[in-house]
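Here the structure is laid out as structure tokens; the discussion comes afterwards.
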Amino acid sequence: WGGRTLTLVANLDLIICVDTAIAHLGGALGKPVWLLNRHESEWRWLLERSDSPWYPTMRIFRQHAEHDWHDCIKNVSIALKALAVS
């Protein structure tokens, strides 16, 4: 899936994902990436941050409570609407 995924990601204007492989690929390509990150995050996404020191084009939306995606999806929706009108 590597070559096809790379081609697809390279042609996107914005990547919104929960899959960290796609997040890493998009970030490495310098694409805007919005990562929806679970409450019990891995160390590499750090804590209490909405950005990534490794990928300057990444924005991280986090769960506030385990298994509860409501606020995370709501915040993505608000940000997406703001992006659409800009």
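Naming scheme: A, B, ... for chains in displayed order of the structure tokens; residues 1 onward per chain; ligands 1 onward as shown.
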Subject >> Non-local contacts of Lys31 in chain A (12 Å; only C-alpha atoms; under 5 positions in same chain excluded) as a ChimeraX atom specification >> reply: /A:6,8-16,22-26,55-59
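Residue-level DSSP output for range 10-85 of chain A, from the backbone, shows helix (DSSP H, G or I) at A:Ala10, A:Thr20, A:Ala21, A:Ile22, A:Ala23, A:His24, A:Leu25, A:Gly26, A:Gly27, A:Ala28, A:Trp43, A:Arg44, A:Trp45, A:His70, A:Asp71, A:Cys72, A:Ile73, A:Lys74, A:Asn75, A:Val76, A:Ser77, A:Ile78, A:Ala79, A:Leu80, A:Lys81, A:Ala82, A:Leu83, A:Ala84, A:Val85.
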Identify, on the basis of only C-alpha atoms, every residue whose closest approach to Ala79 in chain A does not exceed 12 Å; exclude the query and any residue fewer than 5 positions from it along the same chain; express the result as a PDB file with N, CA, C and O atoms, in the first residue's frame.
ATOM      1  N   LEU A  14      -5.628  18.514   3.104  1.00  0.00           N
ATOM      2  CA  LEU A  14      -5.658  18.364   4.558  1.00  0.00           C
ATOM      3  C   LEU A  14      -5.873  16.897   4.883  1.00  0.00           C
ATOM      4  O   LEU A  14      -6.726  16.250   4.277  1.00  0.00           O
ATOM      5  N   ILE A  16      -6.983  14.431   7.867  1.00  0.00           N
ATOM      6  CA  ILE A  16      -7.591  14.269   9.184  1.00  0.00           C
ATOM      7  C   ILE A  16      -7.598  12.779   9.453  1.00  0.00           C
ATOM      8  O   ILE A  16      -8.214  12.013   8.706  1.00  0.00           O
ATOM      9  N   TRP A  34      -4.232  16.851  10.766  1.00  0.00           N
ATOM     10  CA  TRP A  34      -4.967  16.949  12.022  1.00  0.00           C
ATOM     11  C   TRP A  34      -5.089  15.545  12.559  1.00  0.00           C
ATOM     12  O   TRP A  34      -5.763  14.690  11.987  1.00  0.00           O
ATOM     13  N   ARG A  59      -1.539  19.408  13.692  1.00  0.00           N
ATOM     14  CA  ARG A  59      -2.366  19.886  14.800  1.00  0.00           C
ATOM     15  C   ARG A  59      -2.969  18.650  15.462  1.00  0.00           C
ATOM     16  O   ARG A  59      -3.494  17.773  14.780  1.00  0.00           O
ATOM     17  N   ILE A  60      -2.892  18.582  16.779  1.00  0.00           N
ATOM     18  CA  ILE A  60      -3.371  17.402  17.505  1.00  0.00           C
ATOM     19  C   ILE A  60      -4.646  17.753  18.275  1.00  0.00           C
ATOM     20  O   ILE A  60      -4.675  18.706  19.050  1.00  0.00           O
ATOM     21  N   PHE A  61      -5.677  16.969  18.028  1.00  0.00           N
ATOM     22  CA  PHE A  61      -6.941  17.079  18.746  1.00  0.00           C
ATOM     23  C   PHE A  61      -7.012  15.864  19.671  1.00  0.00           C
ATOM     24  O   PHE A  61      -6.933  14.721  19.211  1.00  0.00           O
ATOM     25  N   CYS A  72     -13.631  15.865  21.006  1.00  0.00           N
ATOM     26  CA  CYS A  72     -12.580  15.849  19.994  1.00  0.00           C
ATOM     27  C   CYS A  72     -13.179  16.086  18.603  1.00  0.00           C
ATOM     28  O   CYS A  72     -12.715  16.951  17.848  1.00  0.00           O
ATOM     29  N   ILE A  73     -14.226  15.364  18.272  1.00  0.00           N
ATOM     30  CA  ILE A  73     -14.890  15.519  16.972  1.00  0.00           C
ATOM     31  C   ILE A  73     -15.525  16.904  16.867  1.00  0.00           C
ATOM     32  O   ILE A  73     -15.471  17.551  15.810  1.00  0.00           O
ATOM     33  N   LYS A  74     -16.091  17.387  17.946  1.00  0.00           N
ATOM     34  CA  LYS A  74     -16.689  18.725  17.955  1.00  0.00           C
ATOM     35  C   LYS A  74     -15.624  19.779  17.643  1.00  0.00           C
ATOM     36  O   LYS A  74     -15.852  20.698  16.840  1.00  0.00           O
ATOM     37  N   ALA A  84     -12.818  26.400   6.310  1.00  0.00           N
ATOM     38  CA  ALA A  84     -13.611  26.481   5.078  1.00  0.00           C
ATOM     39  C   ALA A  84     -14.010  27.921   4.754  1.00  0.00           C
ATOM     40  O   ALA A  84     -14.134  28.269   3.576  1.00  0.00           O
ATOM     41  N   VAL A  85     -14.181  28.767   5.753  1.00  0.00           N
ATOM     42  CA  VAL A  85     -14.589  30.148   5.500  1.00  0.00           C
ATOM     43  C   VAL A  85     -13.392  31.084   5.338  1.00  0.00           C
ATOM     44  O   VAL A  85     -13.573  32.243   4.974  1.00  0.00           O
ATOM     45  N   SER A  86     -12.199  30.598   5.612  1.00  0.00           N
ATOM     46  CA  SER A  86     -11.018  31.464   5.470  1.00  0.00           C
ATOM     47  C   SER A  86     -10.475  31.452   4.056  1.00  0.00           C
ATOM     48  O   SER A  86     -10.813  30.723   3.220  1.00  0.00           O
TER      49      SER A  86
END
Original post:
Excluding same-chain residues fewer than 2 positions from Val18 in chain A, what lies within 7 Å of it counting only C-alpha atoms, as a list in words?
Top reply: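 In the requested form, the answer reads Thr20, Leu35, Leu36 and Asn37 of chain A.
Checking A:Ala21, A:Leu29, A:Ile78, A:Leu47 one by one against Gln63 in chain A, counting only C-alpha atoms, you find the shortest gap at A:Leu47.
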Subject >> Atomic separation - CA of Ser77 in chain A relative to CA of Ser41 in chain A, Å >> reply: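 Result for CA of Ser41 in chain A versus CA of Ser77 in chain A: 21.2 Å, one decimal.
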